[in-house]
Amino acid sequence: MTNRPHGEFRYWHELVLAALLVGLLAAAGAADRAFLGFAVQAELSTHVWELALMALPMTLIIIAGGIDLSVGAMMALCAVVLGLTYEAGVSAWVGAALAVLAGVAAGALNGLFVAWVRVHPLIVTLATLAAYRGVAEGISLARPISGFPESFAMIGRGQLAGVPIPGVIFGAAAVAATVALARTVFGRAIYAIGNNEAATRLSGIPVARIKLWVYTLSGAAAGLAAVMFVARRNTAKADIGAGVELDVITAVVLGGASIFGGRGRILGTLLGVLLIHETREFVSWRWERDELNLIVIGVLLIVSVLLNRVFSQREPE
Amino acid sequence: MRKGLARKCCVRKPGTAGASVRFGEIITTVAQRREYGVLALLVAAVAVVTAVNPTFLAPDNLRNILVQCAPAAIVACGLTLVIVTREIDISIGSLMGLLAAVMGILTASQRFGLPAAVGIGLTLLLGAGVGFLNGVLVTFGRVPSIIVTLGMLTALRGLTEVLMGGEWITDLPPALRFFGTGSLLAIPVSLWVAAAVVAGAMVLARQTRLGLRIYAVGGNPSAARLAGLPVRRTRIIVFTLTGFLVGVATVVGVTQLSTIESGIGVGFELLVVTCVVVGGTSISGGTGTIVGSLLAVLLLGTVRTFLIFLRLGEMSTYWERAIQGAFILGAVLLDHLTRRRTGAEP
């Protein structure tokens with residue numbers, strides 16, 4: 001890392017992440033060759049799609065200077081909607097559509113409170129984290145619902161030309177997010193809001209509408225993730241996605257997005273997701289102890305931001 | 001001079017209360033001071049529940065409610081001050097889990113079997129140490145507090161699980177259990193401790209130089225720095241204090257249970273942050289009172305008991321979290337509407 005991350009070459013952070021990832025994989029391969037095998041990696045990849053999908057809109061939100069703590073709760077709410085509608089005799093596919101719609105509605109409610117009531121997003125999504133999970137527990141009475149048809153399980157477990165279907169969905173979303181952020185007016189506005197919201201509003205950019213959009217997208221992604229999760233596990237329950245918001249935020253921040261807004265890229269987020277995923281899977285694979293993961297990821301988050309701050313130029317607070 | 005200044009900075013005075021105060025002024029005051037709003041909600045909720053089920057006001061029940069609320073009240077005192085300085089600490093739940101595990105391992109007769117006093121001392125010390133580390137990373141490391149404490153939330157929980165190794169600790173020494181289950185002069189020990197902490201925090205916030213600094217740093221960090229106030233040291237102190245208070249809450253809270261497992265304190269941070277915010281502390285720093293947080297702890301900590309006493313059936317408790325979330329959204333919405341009416345800056 002140099003002292004000038006804003007110089008000619010703009011991808012230092014991504015380069016460091018990639019180097020870390022290569023180092024990790026090399027160490028993992030040296031410790032246990034089988035871990036790098038294609039079949040193993042493909043099998044392990046089934047765990048990452050929901051996290052990766054929700055990290056995309058979270059990147060947009062964090063670049064715009066916000067945060068969404070309610071993604072895990074929205075996932076639970078959507079999963080329960082899918083489960084209850086299926087139980088009521090509706091086709092699982094219609095149920096899935098309703099689940100995504102529920103996510104859109106939940107995300108839009110977050111957006112309304114952030115954009116129009118103008119409450120700090122940390123408070124809004126902390127409230128809806130409790131509220132959405134509470135509603136999910138309330139309407140489902142916290143019992144699991146299972147027995148979805150085999151054809152529906154395809155969304156979670158099926159393959160399209162050798163690629164898992166959740167991977168296809170995620171790939172399409174990632175391309176869309178990259179293009180939107182880097183090449184559209186919408187994307188420029190998101191960076192502008194994160195850098196200076198007041199100036200952006202005074203420039204005539206519809207700040208409130210853009211904020212509403214990014215939080216709604218986050219809800220939609222949580223809905224899709226819930227459908228993928230339920231299809232893969234064949235069970236819908238109100239405790240799904242507990243704590244996943246921390247993984248998602250960790251991935252995005254690890255990927256170089258500034259929690260104060262204005263800085264970040266989808267590429268960085270993808271590397272952040274990969275780094276977390278590979279670290280976690282390797283630790284579980286090697287030591288079979290998931291709790292070590294929590295320590296590694298927590299320390300990784302703090303240290304990566306610490307290094308970033310130490311090596312970057314001193315910014316006014 | 002200093003005291004007068006402190007009062008002006010710290011609290012928006014609710015106007016001189018007296019018989020001659022006009023009705024309109026009272027409405028404005030209530031709208032501006034969140035404490036009164038929370039108190040009104042609390043009184044209304046108690047009234048409704050008592051009307052449905054008069055046994056709610058039985059002394060035993062009230063005592064149980066207060067004892068349940070004690071740990072959140074203790075930690076809320078520290079967290080209020082952290083949020084007043086424009087920071088946040090969401091590692092408190094995981095820290096409580098870690099401290100519970102350490103306390104259990106140190107004192108349980110089948111583990112180290114140390115005397116209760118030594119166990120308590122080390123627990124408090126470790127709590128303050130983790131708080132201090134948070135503060136140093138935030139101030140000298142220049143890592144945002146939401147990131148530091150998010151990392152700690154994850155890492156400390158993992159550390160707790162490693163320490164506990166999936167086992168439970170059931171043989172806490174009686175001297176330690178006394179703090180959670182014993183009584184002095186017919187009042188539970190945990191309530192004595194909570195009362196002392198709350199009183200201490202109120203004095204600290206309003207009557208001391210440090211309290212003045214805390215509000216000054218949160219109100220305008222740049223101005224505080226230019227005025228020569230030790231901004232970093234103030235923030236480190238409030239983080240350390242919060243860590244210490246998590247230790248205190250662990251000693252009087254966890255000992256209410258007969259077993260210690262690695263899941264203690266999960267979600268505790270959400271409850272306490274919610275209480276502090278509902279109690280009127282602004283997330284953008286500079287304003288907030290201990291009393292407001294305390295009232296909000298009583299309101300939100302009692303939701304479950306309310307639901308049980310309303311006799312809505314076993315399933316009603318599933319709605320507890322939804323109601324807590326609705327309370328926060330209601331509080332911020334109310335804030336928005338009253339701000340618009342009084343024309344204050346958002």
# chains A, B, ... in the order shown; residues from 1 in each chain; ligands from 1
$ select_by_dssp --residues "range 15-262 of chain A" --states "strand (DSSP E)" --output "ChimeraX atom specification"
/A:145-146,159-160,163-164,235-236
$ write_last_selection --atoms "N, CA and C atoms" --output "PDB file, in the first residue's frame"
ATOM      1  N   ILE A 145     -41.656 -24.867   8.616  1.00  0.00           N
ATOM      2  CA  ILE A 145     -42.572 -25.361   7.582  1.00  0.00           C
ATOM      3  C   ILE A 145     -41.715 -26.034   6.517  1.00  0.00           C
ATOM      4  N   SER A 146     -42.029 -27.268   6.179  1.00  0.00           N
ATOM      5  CA  SER A 146     -41.220 -27.940   5.166  1.00  0.00           C
ATOM      6  C   SER A 146     -42.131 -28.711   4.204  1.00  0.00           C
ATOM      7  N   GLN A 159     -28.810 -27.035 -11.446  1.00  0.00           N
ATOM      8  CA  GLN A 159     -27.706 -26.445 -12.198  1.00  0.00           C
ATOM      9  C   GLN A 159     -28.169 -26.047 -13.591  1.00  0.00           C
ATOM     10  N   LEU A 160     -27.544 -25.019 -14.118  1.00  0.00           N
ATOM     11  CA  LEU A 160     -27.828 -24.559 -15.471  1.00  0.00           C
ATOM     12  C   LEU A 160     -26.490 -24.561 -16.199  1.00  0.00           C
ATOM     13  N   VAL A 163     -23.508 -24.630 -13.954  1.00  0.00           N
ATOM     14  CA  VAL A 163     -23.405 -23.599 -12.925  1.00  0.00           C
ATOM     15  C   VAL A 163     -24.636 -23.709 -12.020  1.00  0.00           C
ATOM     16  N   PRO A 164     -24.445 -23.683 -10.705  1.00  0.00           N
ATOM     17  CA  PRO A 164     -25.609 -23.725  -9.812  1.00  0.00           C
ATOM     18  C   PRO A 164     -26.563 -22.580 -10.114  1.00  0.00           C
ATOM     19  N   THR A 235     -36.820 -25.981   4.074  1.00  0.00           N
ATOM     20  CA  THR A 235     -37.527 -25.639   5.296  1.00  0.00           C
ATOM     21  C   THR A 235     -37.555 -24.124   5.466  1.00  0.00           C
ATOM     22  N   ALA A 236     -38.697 -23.606   5.933  1.00  0.00           N
ATOM     23  CA  ALA A 236     -38.839 -22.177   6.182  1.00  0.00           C
ATOM     24  C   ALA A 236     -39.133 -21.982   7.653  1.00  0.00           C
TER      25      ALA A 236
END
$ closest_atom_pairs --of "chain A" --to "chain B" --cutoff "6 Å" --atoms "only C-alpha atoms" --output "tab-separated table"
residue	atom	partner	partner_atom	distance
A:Ala127	CA	B:Gly325	CA	4.4
A:Thr128	CA	B:Gly325	CA	5.8
A:Ala130	CA	B:Gly325	CA	5.0
A:Ala131	CA	B:Ala322	CA	3.9
A:Gly134	CA	B:Ala322	CA	3.9
A:Val135	CA	B:Ala322	CA	5.4
A:Glu137	CA	B:Tyr318	CA	5.6
A:Gly138	CA	B:Trp319	CA	4.9
A:Glu291	CA	B:Gly158	CA	4.7
A:Leu292	CA	B:Gly158	CA	6.0
A:Leu294	CA	B:Gly158	CA	4.7
A:Ile295	CA	B:Ala155	CA	3.8
A:Gly298	CA	B:Gly151	CA	4.0
A:Leu301	CA	B:Gly151	CA	5.8
A:Ile302	CA	B:Val148	CA	5.6
A:Leu306	CA	B:Val143	CA	5.8
$ residues_around --residues "Ile193 in chain A" --least-positions-apart "3" --cutoff "9 Å" --atoms "only C-alpha atoms" --output "JSON, numbers by chain"
{"A": [63, 64, 65, 188, 189, 190, 196, 197, 198, 199, 200, 201, 205, 207, 211, 261, 262]}
$ write_last_selection --atoms "N, CA and C atoms" --output "tab-separated table (two decimals), in the first residue's frame"
chain	number	residue	atom	x	y	z
A	63	ILE	N	-22.19	2.81	0.23
A	63	ILE	CA	-21.58	3.90	-0.55
A	63	ILE	C	-22.41	5.17	-0.40
A	64	ALA	N	-23.73	5.02	-0.32
A	64	ALA	CA	-24.59	6.19	-0.16
A	64	ALA	C	-24.61	6.69	1.28
A	65	GLY	N	-23.73	6.14	2.12
A	65	GLY	CA	-23.62	6.63	3.49
A	65	GLY	C	-24.63	6.04	4.45
A	188	ARG	N	-23.78	7.33	-10.22
A	188	ARG	CA	-23.06	8.56	-9.87
A	188	ARG	C	-23.75	9.25	-8.71
A	189	ALA	N	-25.09	9.24	-8.75
A	189	ALA	CA	-25.86	9.90	-7.68
A	189	ALA	C	-25.58	9.23	-6.33
A	190	ILE	N	-25.43	7.89	-6.35
A	190	ILE	CA	-25.16	7.17	-5.09
A	190	ILE	C	-23.83	7.63	-4.49
A	196	ASN	N	-21.39	13.92	-0.24
A	196	ASN	CA	-21.93	15.15	0.34
A	196	ASN	C	-23.41	15.22	0.04
A	197	GLU	N	-24.19	14.78	1.01
A	197	GLU	CA	-25.62	14.65	0.76
A	197	GLU	C	-26.29	16.00	0.55
A	198	ALA	N	-25.89	16.97	1.36
A	198	ALA	CA	-26.54	18.28	1.25
A	198	ALA	C	-26.27	18.88	-0.13
A	199	ALA	N	-25.01	18.82	-0.56
A	199	ALA	CA	-24.66	19.38	-1.86
A	199	ALA	C	-25.41	18.65	-2.98
A	200	THR	N	-25.55	17.33	-2.82
A	200	THR	CA	-26.25	16.56	-3.83
A	200	THR	C	-27.71	16.99	-3.93
A	201	ARG	N	-28.32	17.20	-2.77
A	201	ARG	CA	-29.73	17.61	-2.77
A	201	ARG	C	-29.85	18.98	-3.42
A	205	ILE	N	-30.51	16.66	-7.44
A	205	ILE	CA	-30.61	15.21	-7.57
A	205	ILE	C	-31.64	14.70	-6.56
A	207	VAL	N	-32.47	12.93	-3.99
A	207	VAL	CA	-31.79	12.12	-2.98
A	207	VAL	C	-32.75	11.12	-2.32
A	211	LYS	N	-32.44	7.02	-2.33
A	211	LYS	CA	-32.32	6.25	-1.09
A	211	LYS	C	-33.42	5.20	-1.00
A	261	GLY	N	-19.43	6.46	3.65
A	261	GLY	CA	-20.03	6.72	2.36
A	261	GLY	C	-19.06	7.31	1.35
A	262	GLY	N	-19.48	7.26	0.08
A	262	GLY	CA	-18.73	7.91	-0.97
A	262	GLY	C	-17.66	7.06	-1.63
$ atom_distance --atom1 "CA of Ala186 in chain B" --atom2 "CA of Pro54 in chain B"
23.1 Å
$ residues_around --residues "Thr259 in chain B" --least-positions-apart "5" --cutoff "8 Å" --atoms "only C-alpha atoms" --output "list in words"
Trp168, Ile169, Thr170, Asp171 and Leu172 of chain B
$ decode --residues "range 165-187 of chain B" --atoms "C-alpha atoms" --output "PDB file, in the first residue's frame"
ATOM      1  CA  GLY B 165     -16.305 -25.741  24.402  1.00  0.00           C
ATOM      2  CA  GLY B 166     -20.021 -26.475  24.119  1.00  0.00           C
ATOM      3  CA  GLU B 167     -20.344 -27.224  27.825  1.00  0.00           C
ATOM      4  CA  TRP B 168     -22.429 -25.665  30.546  1.00  0.00           C
ATOM      5  CA  ILE B 169     -21.265 -24.399  33.913  1.00  0.00           C
ATOM      6  CA  THR B 170     -23.778 -25.205  36.627  1.00  0.00           C
ATOM      7  CA  ASP B 171     -21.836 -25.076  39.873  1.00  0.00           C
ATOM      8  CA  LEU B 172     -21.405 -21.371  40.566  1.00  0.00           C
ATOM      9  CA  PRO B 173     -20.395 -20.750  44.212  1.00  0.00           C
ATOM     10  CA  PRO B 174     -23.240 -19.542  46.500  1.00  0.00           C
ATOM     11  CA  ALA B 175     -21.308 -16.369  47.323  1.00  0.00           C
ATOM     12  CA  LEU B 176     -21.525 -15.417  43.653  1.00  0.00           C
ATOM     13  CA  ARG B 177     -25.156 -16.460  43.197  1.00  0.00           C
ATOM     14  CA  PHE B 178     -25.932 -14.124  46.119  1.00  0.00           C
ATOM     15  CA  PHE B 179     -25.443 -11.133  43.786  1.00  0.00           C
ATOM     16  CA  GLY B 180     -28.173 -12.370  41.480  1.00  0.00           C
ATOM     17  CA  THR B 181     -30.586 -14.005  43.885  1.00  0.00           C
ATOM     18  CA  GLY B 182     -29.861 -12.598  47.367  1.00  0.00           C
ATOM     19  CA  SER B 183     -31.516  -9.691  49.145  1.00  0.00           C
ATOM     20  CA  LEU B 184     -30.414  -6.950  51.516  1.00  0.00           C
ATOM     21  CA  LEU B 185     -33.106  -5.325  53.681  1.00  0.00           C
ATOM     22  CA  ALA B 186     -35.762  -7.182  51.638  1.00  0.00           C
ATOM     23  CA  ILE B 187     -34.561  -5.593  48.396  1.00  0.00           C
TER      24      ILE B 187
END
